[in-house]
Amino acid sequence: MKNTIYLMRFHHTDRVDQTKNRLKKLFKTAGFDKIVAANDITAVKVHFGEPGNTTYLSPHYVEPIVRMIKSCGAKPFVTDTNVLYKSRRDNAIDHLSVATEHGFTSKKLGAPVIIADGIMGRNETEIEIAAPLNKTISLATEIVSANSAIVISHATGHLATGLAATIKNLGMGMSSRKGKLTQHSVSKPIISERKCTACGICANWCPVDAIIVGDEFAVINEDICIGCGECLAVCRFNAVKFKWDSSSELLQKQVAEHALGIVKQKNGKIAYMTFMIKMTKDCDCLAQKPEIVLDDIGVLAGTDPVAIDQAVYDLTKQRSDKSLSELSYPSLDANVQLEYGEKIGLGSREYRLVETEF
Ligand code: SF4
Ligand code: SF4
């Protein structure tokens, strides 16, 4: 039987109080009240947004979900994990300050805000998955500790995976530092000697000091590089390139296997809401001025992460002839994460779309 994925159409300029009420209805319609049980501790996975980013998902959309979880008798906490690259989101103390600045406060959300992988991203739990690339993976302990999880994702393009939506939020977003390193280690950038001006900005941002700046150009030590992509993001001279043709494919497979780990661990007690509003070329980790590539469609809800992301792909393609990933990074094939996700048992690409009437 095909998965049912619910689509609630809305625009980010719609009245917030109306959207909140509709999201509460969507929670019930999609059967999330059957997944979250009384007395569960429930992780609500979000992305607090990089400082300087203005298109991350507003806490307005998280608060009604928290309320609905509480109405099931469960105890929700709102959570994310630390990032690998140099940022105020690379440790729990500064990360929580960013969350507060972006409106994700306990007072506003009605639930505590907790960084799931500890102060420095090392609070992790190994999970066995016996997948083709990984026998075990490292996930953020506080997400593993939760009895159930609601994963709230923002669909965007992504410079390495083409599409960043539900699977990316699960696989990368719920992993500990070690888990993220495993995923990123497949891709290493190179610096163009011709384009590089030896300005040194990338070296200042590199979290592991893998970049040596010479008199005329910079060089990356591949043995030290962890593939975080920070140098690509900060170079203003377009001098950094990833060998995406091979590494994007492997990265997407790694992300899908890590997503499989959390889905297996939650054993049916996990559900997803993925927002197709303010859809930008790059993900919410980028502090740069976001480029919106597609008009809003709404929000999807369901219990299959592959089906939801397939629906994101299809709906965005219907809207503009090109999918969100094709509009954002046309040289990358985001289908890899969908096909591989299906192959390893993360979910199914087959779905039945039901548009809500409210
Ligand atoms: S930021 Fe770009 S131009 Fe500057 S040193 Fe790094 S690669 Fe070269
Ligand atoms: S050289 Fe490697 S580790 Fe350093 S910023 Fe670039 S991708 Fe990240």
# chains A, B, ... in the order shown; residues from 1 in each chain; ligands from 1
call {"tool": "residues_around", "arguments": {"residues": "His158 of chain A", "least_positions_apart": "6", "cutoff": "6 Å", "atoms": "only C-alpha atoms", "output": "tab-separated table (two decimals) with C-alpha atoms, in the first residue's frame"}}
result
chain	number	residue	atom	x	y	z
A	164	ALA	CA	18.35	19.29	1.85
A	282	ASP	CA	21.39	27.05	0.01
A	283	CYS	CA	20.44	25.55	3.34
call {"tool": "closest_atom_pairs", "arguments": {"of": "chain A", "to": "ligand 1", "cutoff": "10 Å", "atoms": "only C-alpha atoms and all ligand atoms", "output": "CSV"}}
result
residue,atom,partner,partner_atom_place_in_ligand_line,distance
A:Ile190,CA,ligand 1,7 (S),8.6
A:Ile191,CA,ligand 1,7 (S),5.6
A:Ser192,CA,ligand 1,7 (S),7.3
A:Glu193,CA,ligand 1,8 (Fe),8.0
A:Arg194,CA,ligand 1,8 (Fe),9.4
A:Lys195,CA,ligand 1,3 (S),6.7
A:Cys196,CA,ligand 1,8 (Fe),3.7
A:Thr197,CA,ligand 1,3 (S),4.4
A:Ala198,CA,ligand 1,5 (S),3.9
A:Cys199,CA,ligand 1,4 (Fe),4.0
A:Gly200,CA,ligand 1,5 (S),4.0
A:Ile201,CA,ligand 1,1 (S),4.5
A:Cys202,CA,ligand 1,6 (Fe),4.2
A:Ala203,CA,ligand 1,6 (Fe),6.3
A:Asn204,CA,ligand 1,1 (S),8.8
A:Trp205,CA,ligand 1,1 (S),9.1
A:Cys206,CA,ligand 1,6 (Fe),9.7
A:Ile211,CA,ligand 1,6 (Fe),8.0
A:Ile212,CA,ligand 1,5 (S),8.6
A:Val213,CA,ligand 1,5 (S),6.3
A:Gly214,CA,ligand 1,5 (S),8.6
A:Asp215,CA,ligand 1,5 (S),9.9
A:Glu216,CA,ligand 1,8 (Fe),8.7
A:Phe217,CA,ligand 1,8 (Fe),5.8
A:Ala218,CA,ligand 1,5 (S),5.1
A:Val219,CA,ligand 1,7 (S),7.9
A:Ile220,CA,ligand 1,7 (S),9.1
A:Glu230,CA,ligand 1,1 (S),9.9
A:Cys231,CA,ligand 1,1 (S),6.6
A:Leu232,CA,ligand 1,2 (Fe),7.7
A:Ala233,CA,ligand 1,1 (S),8.9
A:Val234,CA,ligand 1,1 (S),6.2
A:Cys235,CA,ligand 1,1 (S),3.8
A:Arg236,CA,ligand 1,2 (Fe),6.0
A:Phe237,CA,ligand 1,3 (S),5.2
A:Asn238,CA,ligand 1,2 (Fe),6.5
A:Ala239,CA,ligand 1,7 (S),4.9
A:Val240,CA,ligand 1,7 (S),5.4
A:Lys241,CA,ligand 1,7 (S),9.1
call {"tool": "write_last_selection", "arguments": {"atoms": "C-alpha atoms", "output": "mmCIF file, in the first residue's frame"}}
result
data_model
loop_
_atom_site.group_PDB
_atom_site.id
_atom_site.type_symbol
_atom_site.label_atom_id
_atom_site.label_comp_id
_atom_site.auth_asym_id
_atom_site.auth_seq_id
_atom_site.Cartn_x
_atom_site.Cartn_y
_atom_site.Cartn_z
ATOM 1 C CA ILE A 190 40.516 21.587 -4.121
ATOM 2 C CA ILE A 191 41.650 25.181 -4.587
ATOM 3 C CA SER A 192 42.184 26.636 -8.044
ATOM 4 C CA GLU A 193 45.707 28.113 -8.242
ATOM 5 C CA ARG A 194 44.476 30.400 -11.023
ATOM 6 C CA LYS A 195 41.519 31.879 -9.100
ATOM 7 C CA CYS A 196 42.969 31.950 -5.589
ATOM 8 C CA THR A 197 44.270 35.356 -4.424
ATOM 9 C CA ALA A 198 45.907 33.971 -1.260
ATOM 10 C CA CYS A 199 43.634 36.204 0.836
ATOM 11 C CA GLY A 200 43.653 33.597 3.628
ATOM 12 C CA ILE A 201 39.980 33.907 4.599
ATOM 13 C CA CYS A 202 39.363 30.179 4.110
ATOM 14 C CA ALA A 203 42.302 29.319 6.360
ATOM 15 C CA ASN A 204 40.819 31.457 9.147
ATOM 16 C CA TRP A 205 37.552 29.514 8.928
ATOM 17 C CA CYS A 206 38.906 25.994 8.453
ATOM 18 C CA ILE A 211 44.687 25.097 4.595
ATOM 19 C CA ILE A 212 48.186 26.457 4.048
ATOM 20 C CA VAL A 213 48.296 29.902 2.447
ATOM 21 C CA GLY A 214 51.329 30.515 0.254
ATOM 22 C CA ASP A 215 52.496 33.711 -1.427
ATOM 23 C CA GLU A 216 50.323 33.200 -4.505
ATOM 24 C CA PHE A 217 47.668 30.630 -3.632
ATOM 25 C CA ALA A 218 46.376 28.388 -0.848
ATOM 26 C CA VAL A 219 46.616 24.597 -0.689
ATOM 27 C CA ILE A 220 44.474 22.063 1.203
ATOM 28 C CA GLU A 230 33.366 25.833 5.063
ATOM 29 C CA CYS A 231 36.135 27.031 2.719
ATOM 30 C CA LEU A 232 33.754 26.758 -0.227
ATOM 31 C CA ALA A 233 31.174 28.863 1.574
ATOM 32 C CA VAL A 234 33.533 31.690 2.582
ATOM 33 C CA CYS A 235 35.705 32.046 -0.544
ATOM 34 C CA ARG A 236 34.650 35.191 -2.416
ATOM 35 C CA PHE A 237 36.761 34.375 -5.461
ATOM 36 C CA ASN A 238 35.074 31.102 -6.423
ATOM 37 C CA ALA A 239 38.442 29.406 -6.046
ATOM 38 C CA VAL A 240 37.272 26.378 -4.039
ATOM 39 C CA LYS A 241 35.665 23.455 -5.826
#
call {"tool": "residues_around", "arguments": {"residues": "segment 87-99 of chain A", "least_positions_apart": "2", "cutoff": "7 Å", "atoms": "only C-alpha atoms", "output": "mmCIF file with N, CA and C atoms, in the first residue's frame"}}
result
data_model
loop_
_atom_site.group_PDB
_atom_site.id
_atom_site.type_symbol
_atom_site.label_atom_id
_atom_site.label_comp_id
_atom_site.auth_asym_id
_atom_site.auth_seq_id
_atom_site.Cartn_x
_atom_site.Cartn_y
_atom_site.Cartn_z
ATOM 1 N N PHE A 48 17.875 25.783 14.073
ATOM 2 C CA PHE A 48 17.701 27.126 14.638
ATOM 3 C C PHE A 48 18.168 28.223 13.687
ATOM 4 N N PRO A 51 23.519 32.237 12.395
ATOM 5 C CA PRO A 51 23.452 33.700 12.579
ATOM 6 C C PRO A 51 23.628 34.382 11.218
ATOM 7 N N ASN A 82 25.062 20.254 17.194
ATOM 8 C CA ASN A 82 26.118 21.211 16.845
ATOM 9 C C ASN A 82 26.677 20.918 15.450
ATOM 10 N N VAL A 83 27.225 21.965 14.838
ATOM 11 C CA VAL A 83 27.774 21.805 13.481
ATOM 12 C C VAL A 83 29.287 21.580 13.539
ATOM 13 N N LEU A 84 29.844 21.105 12.422
ATOM 14 C CA LEU A 84 31.288 20.824 12.358
ATOM 15 C C LEU A 84 32.128 22.069 12.127
ATOM 16 N N TYR A 85 31.578 22.971 11.322
ATOM 17 C CA TYR A 85 32.372 24.125 10.893
ATOM 18 C C TYR A 85 32.401 25.219 11.966
ATOM 19 N N GLU A 101 18.225 34.093 20.187
ATOM 20 C CA GLU A 101 18.166 35.281 19.315
ATOM 21 C C GLU A 101 17.190 35.080 18.162
ATOM 22 N N HIS A 102 17.033 33.831 17.722
ATOM 23 C CA HIS A 102 16.127 33.552 16.600
ATOM 24 C C HIS A 102 14.709 33.200 17.071
ATOM 25 N N GLY A 103 14.461 33.400 18.356
ATOM 26 C CA GLY A 103 13.091 33.248 18.863
ATOM 27 C C GLY A 103 12.733 31.872 19.391
ATOM 28 N N PHE A 104 13.701 30.942 19.412
ATOM 29 C CA PHE A 104 13.429 29.589 19.913
ATOM 30 C C PHE A 104 13.686 29.560 21.421
ATOM 31 N N ILE A 115 20.383 21.095 23.293
ATOM 32 C CA ILE A 115 21.273 20.674 22.210
ATOM 33 C C ILE A 115 21.561 19.182 22.424
ATOM 34 N N GLY A 118 25.324 17.438 23.220
ATOM 35 C CA GLY A 118 26.181 17.922 24.301
ATOM 36 C C GLY A 118 26.929 19.208 23.976
ATOM 37 N N ILE A 119 27.765 19.615 24.920
ATOM 38 C CA ILE A 119 28.406 20.925 24.808
ATOM 39 C C ILE A 119 29.299 21.013 23.569
ATOM 40 N N MET A 120 30.062 19.956 23.283
ATOM 41 C CA MET A 120 30.988 20.003 22.147
ATOM 42 C C MET A 120 30.664 18.981 21.050
ATOM 43 N N GLY A 121 29.451 18.457 21.049
ATOM 44 C CA GLY A 121 29.068 17.515 19.984
ATOM 45 C C GLY A 121 29.587 16.108 20.187
#
call {"tool": "residues_around", "arguments": {"residues": "segment 181-184 of chain A", "least_positions_apart": "4", "cutoff": "8 Å", "atoms": "only C-alpha atoms", "output": "list of chain:residue names"}}
result
A:Leu84, A:Met172, A:Arg177, A:Ile226, A:Gly227, A:Cys228, A:Leu251, A:Gln254, A:Val255
call {"tool": "write_last_selection", "arguments": {"atoms": "N, CA and C atoms", "output": "PDB file, in the first residue's frame"}}
result
ATOM      1  N   LEU A  84      29.844  21.105  12.422  1.00  0.00           N
ATOM      2  CA  LEU A  84      31.288  20.824  12.358  1.00  0.00           C
ATOM      3  C   LEU A  84      32.128  22.069  12.127  1.00  0.00           C
ATOM      4  N   MET A 172      22.191  13.967   8.738  1.00  0.00           N
ATOM      5  CA  MET A 172      23.240  14.871   9.207  1.00  0.00           C
ATOM      6  C   MET A 172      22.794  15.556  10.505  1.00  0.00           C
ATOM      7  N   ARG A 177      29.062  14.755  16.360  1.00  0.00           N
ATOM      8  CA  ARG A 177      30.208  15.254  15.609  1.00  0.00           C
ATOM      9  C   ARG A 177      30.895  14.117  14.824  1.00  0.00           C
ATOM     10  N   ILE A 226      38.461  17.643   6.732  1.00  0.00           N
ATOM     11  CA  ILE A 226      37.322  16.801   7.125  1.00  0.00           C
ATOM     12  C   ILE A 226      36.142  16.973   6.158  1.00  0.00           C
ATOM     13  N   GLY A 227      36.341  17.766   5.118  1.00  0.00           N
ATOM     14  CA  GLY A 227      35.310  17.905   4.083  1.00  0.00           C
ATOM     15  C   GLY A 227      34.085  18.682   4.513  1.00  0.00           C
ATOM     16  N   CYS A 228      34.242  19.619   5.458  1.00  0.00           N
ATOM     17  CA  CYS A 228      33.066  20.317   5.990  1.00  0.00           C
ATOM     18  C   CYS A 228      32.470  21.333   5.012  1.00  0.00           C
ATOM     19  N   LEU A 251      28.311  11.107  -0.453  1.00  0.00           N
ATOM     20  CA  LEU A 251      27.800  11.878   0.685  1.00  0.00           C
ATOM     21  C   LEU A 251      26.305  11.612   0.882  1.00  0.00           C
ATOM     22  N   GLN A 254      25.835   8.282   2.428  1.00  0.00           N
ATOM     23  CA  GLN A 254      26.184   8.325   3.859  1.00  0.00           C
ATOM     24  C   GLN A 254      25.048   8.956   4.673  1.00  0.00           C
ATOM     25  N   VAL A 255      24.513  10.066   4.169  1.00  0.00           N
ATOM     26  CA  VAL A 255      23.419  10.750   4.880  1.00  0.00           C
ATOM     27  C   VAL A 255      22.224   9.804   5.014  1.00  0.00           C
TER      28      VAL A 255
END
call {"tool": "residues_around", "arguments": {"residues": "segment 342-349 of chain A", "least_positions_apart": "4", "cutoff": "7 Å", "atoms": "only C-alpha atoms", "output": "ChimeraX atom specification"}}
result
/A:260,304-307,310,338
call {"tool": "write_last_selection", "arguments": {"atoms": "C-alpha atoms", "output": "PDB file, in the first residue's frame"}}
result
ATOM      1  CA  LEU A 260      18.263   4.882   8.525  1.00  0.00           C
ATOM      2  CA  ASP A 304       8.043   8.028   5.495  1.00  0.00           C
ATOM      3  CA  PRO A 305      11.073  10.311   5.001  1.00  0.00           C
ATOM      4  CA  VAL A 306      11.825   9.026   1.499  1.00  0.00           C
ATOM      5  CA  ALA A 307       8.232   9.506   0.359  1.00  0.00           C
ATOM      6  CA  GLN A 310      10.164  12.423  -3.191  1.00  0.00           C
ATOM      7  CA  LEU A 338      15.927   8.971  -2.688  1.00  0.00           C
TER       8      LEU A 338
END
call {"tool": "select_by_dssp", "arguments": {"residues": "segment 24-264 of chain A", "states": "strand (DSSP E)", "output": "JSON, numbers by chain"}}
result
{"A": [41, 42, 43, 44, 45, 75, 76, 77, 78, 79, 80, 113, 114, 115, 124, 125, 126, 127, 128, 136, 137, 138, 139, 140, 148, 149, 150, 151, 152, 153, 154, 156, 157, 158, 162, 163, 164, 189, 190, 191, 211, 212, 213, 218, 219, 220, 240, 241, 242]}
call {"tool": "select_by_dssp", "arguments": {"residues": "segment 142-183 of chain A", "states": "alpha helix (DSSP H)", "output": "JSON, numbers by chain"}}
result
{"A": [142, 143, 144, 145, 166, 167, 168, 169, 170, 171, 177, 178, 179, 180, 181, 182, 183]}
